[in-house]
Every structure is written in structure tokens, then in C-alpha cells.
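Have a look at the structure below before the remarks.
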Amino acid sequence: GASRARHWLATDLNPETMAIARTKPLPPTVEFAVADAYTLDGLQGRRFDAALAGCWWSHIPRARLPGWIDTLHRRLQPGARVVVLDNRFVQTSNLPITRSDAEGNTYQNRMLDDGSVHEVLKNFPTADELRALLTGRAEGFGWTDWTHYWAASWTVAT
């Protein structure tokens, strides 16, 4: 967990999200930075020995996945560990898929507290899809399914 790591860097594009995160009881080894996940600009050329992406993969358009993986890997040392965790589609507990587009992206409608409805990109990948995307980019691919979540792990190819 966060308490055993020498250092964590938590990022998000939205300062409001980071402000909420700062209110959580986290150890002093956690640093916060506003950064665009697609570019990772704002990290001043820093490189890392691991990465964790939680509930992010499902919101990346399929066409942007290779570029996102490459951008992430450029910020990581060779052999760095990557773990990605996200939702599985469970018919009885997820919002229904309302449409698919020509690229295979799927969408859900979400209602906010004010009653407004917004269409949200929400893809549910398979282990084979991730493995194929990582070919030549990663080693030691692993996949775990739970009832409502999946996790994938790999190391950056050396």
C-alpha cells in the first residue's frame, strides 16, 4: 500500500479532484500533481519505477490506447511494473450499454445529482485485447478477474 512505498505521485487533470484527494488520510510519501494522462506533461521529465491506473482504462477511446500506453511507458524505467484496475461489465450491476461506435467504443448514460443525463465512454476490455495491445511493449502480462473488477499487470519491455 501507500504506506510501504518510498514515494507516490498521484495525478489528475482536474485540480478539484486533487483537492478532494488531499483531504484523504494519506501518508506524507504521497505527492500530488495536476497532469494530463494522455501527455503526462507537467511531470518535469521525471521517470518512475512503477505505475498504477485505477478506473481510467475504460474511459480511454480504443484508438487512443496505443498512444497512451507509449506515453506512460516513456515515463517509466525499463522493467518498471504497471498495474491497471477497472470495472468489469456485470449485467445486473452496471448501467446498460446505450450505444457502440464504429471503433468499438461503448457508452453508458449517467445521471448526475441535478437530474441531467450525460453520455460517458465506458469500455470493458478482455484480457486478450490488452495482451494484443501490449505486444512488443511489455513483458510478463498477467490478468485477474473478480466479480466487479479486473486487473492487468505487466513490466515495461527492456
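Convention: chains lettered A, B, ... in C-alpha cells order; per-chain residue numbering from 1; ligands numbered from 1 as shown.
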From the DSSP assignment of the backbone, select every residue of segment 21-135 of chain A that is strand (DSSP E or B), and format the answer as a ChimeraX atom specification.
/A:30-34,48-54,76-87,99-100,106-111,117-121
Write out as a PyMOL selection string which residues come within 12 Å of Gly104 of chain A when counting only C-alpha atoms, dropping same-chain ones fewer than 6 positions away.
chain A and resi 60-63+97+121-125+129
Can you write out the residues you just picked, keeping N, CA and C atoms, as a compact mmCIF listing (two decimals), in the first residue's frame?
```
# COMPACT_ATOMS: atom_id res chain seq x y z
N ILE A 60 -10.76 5.47 -21.87
CA ILE A 60 -9.87 5.83 -22.96
C ILE A 60 -10.46 5.31 -24.27
N PRO A 61 -10.67 6.18 -25.26
CA PRO A 61 -11.14 5.69 -26.56
C PRO A 61 -10.16 4.65 -27.11
N ARG A 62 -10.69 3.59 -27.69
CA ARG A 62 -9.86 2.49 -28.19
C ARG A 62 -8.72 2.99 -29.10
N ALA A 63 -8.99 3.98 -29.94
CA ALA A 63 -7.98 4.49 -30.87
C ALA A 63 -6.83 5.19 -30.13
N ILE A 97 -25.20 -0.62 -21.58
CA ILE A 97 -24.51 0.00 -22.70
C ILE A 97 -25.60 0.58 -23.59
N LEU A 121 -18.14 7.53 -22.15
CA LEU A 121 -17.40 6.43 -22.74
C LEU A 121 -17.08 5.43 -21.65
N LYS A 122 -17.39 4.15 -21.86
CA LYS A 122 -17.11 3.12 -20.87
C LYS A 122 -16.86 1.81 -21.59
N ASN A 123 -15.58 1.50 -21.83
CA ASN A 123 -15.20 0.26 -22.50
C ASN A 123 -14.87 -0.81 -21.47
N PHE A 124 -15.13 -2.05 -21.83
CA PHE A 124 -14.87 -3.18 -20.96
C PHE A 124 -13.98 -4.17 -21.72
N PRO A 125 -12.66 -4.02 -21.61
CA PRO A 125 -11.75 -4.85 -22.40
C PRO A 125 -11.67 -6.28 -21.90
N GLU A 129 -7.57 -8.60 -25.51
CA GLU A 129 -7.42 -7.27 -26.11
C GLU A 129 -6.24 -6.53 -25.50
```
For segment 110-115 of chain A, work out the shell of residues within 10 Å, counting only C-alpha atoms and skipping chain neighbours fewer than 5 positions away, then give it as a PyMOL selection string.
chain A and resi 95-96+120
Surrounding residues of segment 22-33 of chain A excluding itself and chain neighbours under 2 positions, 8 Å, only C-alpha atoms, as a list in words
Ala2, Ser3, Ala5, Arg6, His7, Trp8, Leu9, Ala10, Thr11, Asp12, Met18, Ala19, Ile20, Ala35, Gly42 and Leu43 of chain A
Closest of A:Asn87, A:Thr135, A:Thr98, A:Gln44 to Pro66 of chain A - atom-to-atom distances counting only C-alpha atoms
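Distance minimum relative to Pro66 of chain A lands on A:Thr135.
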Tell me, which residues of segment 30-158 of chain A carry DSSP alpha helix (DSSP H), written as a ChimeraX atom specification?
/A:65-74,127-134
What separation in Å, quoted to one decimal, exists between atom CA of Thr126 of chain A and atom CA of Thr39 of chain A?
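Calculated distance between atom CA of Thr126 of chain A and atom CA of Thr39 of chain A is 24.9 Å.
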For Asn94 of chain A, find every residue with an atom within 10 Å (counting only C-alpha atoms), except residues of its own chain fewer than 5 positions away, and show them as a list in words.
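Non-adjacent residues within range: Asn87, Arg88, Phe89, Gln108 and His148 of chain A.
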Could those residues be written to a file, using N, CA, C and O atoms, as a CSV table (one decimal), in the first residue's frame?
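The file below, part_28.csv, is the result:
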```
chain,number,residue,atom,x,y,z
A,87,ASN,N,-13.4,-1.5,-14.0
A,87,ASN,CA,-14.6,-2.3,-13.8
A,87,ASN,C,-14.8,-3.4,-14.9
A,87,ASN,O,-14.4,-3.1,-16.0
A,88,ARG,N,-15.4,-4.5,-14.5
A,88,ARG,CA,-15.9,-5.4,-15.4
A,88,ARG,C,-17.4,-5.1,-15.7
A,88,ARG,O,-18.1,-4.5,-14.9
A,89,PHE,N,-17.9,-5.5,-16.9
A,89,PHE,CA,-19.3,-5.3,-17.1
A,89,PHE,C,-20.1,-6.5,-16.5
A,89,PHE,O,-19.8,-7.6,-16.8
A,108,GLN,N,-22.3,4.6,-21.9
A,108,GLN,CA,-23.4,4.5,-20.9
A,108,GLN,C,-23.9,5.9,-20.7
A,108,GLN,O,-23.2,6.9,-20.9
A,148,HIS,N,-16.6,-7.8,-9.9
A,148,HIS,CA,-16.9,-6.4,-10.4
A,148,HIS,C,-15.7,-5.7,-11.0
A,148,HIS,O,-15.9,-4.6,-11.6
```
Please tabulate, as CSV, the residues of segment 77-99 of chain A that come within 10 Å of segment 137-144 of chain A, each with its closest pair of atoms and the distance in Å to one decimal, counting only C-alpha atoms and ordering rows by chain, then residue number upward.
```
residue,atom,partner,partner_atom,distance
A:Pro78,CA,A:Ala138,CA,9.6
A:Gly79,CA,A:Glu139,CA,8.4
A:Ala80,CA,A:Ala138,CA,9.7
A:Arg81,CA,A:Gly140,CA,9.6
A:Val82,CA,A:Ala138,CA,9.4
A:Val83,CA,A:Gly142,CA,9.3
A:Val84,CA,A:Trp143,CA,9.6
A:Leu85,CA,A:Thr144,CA,9.4
```
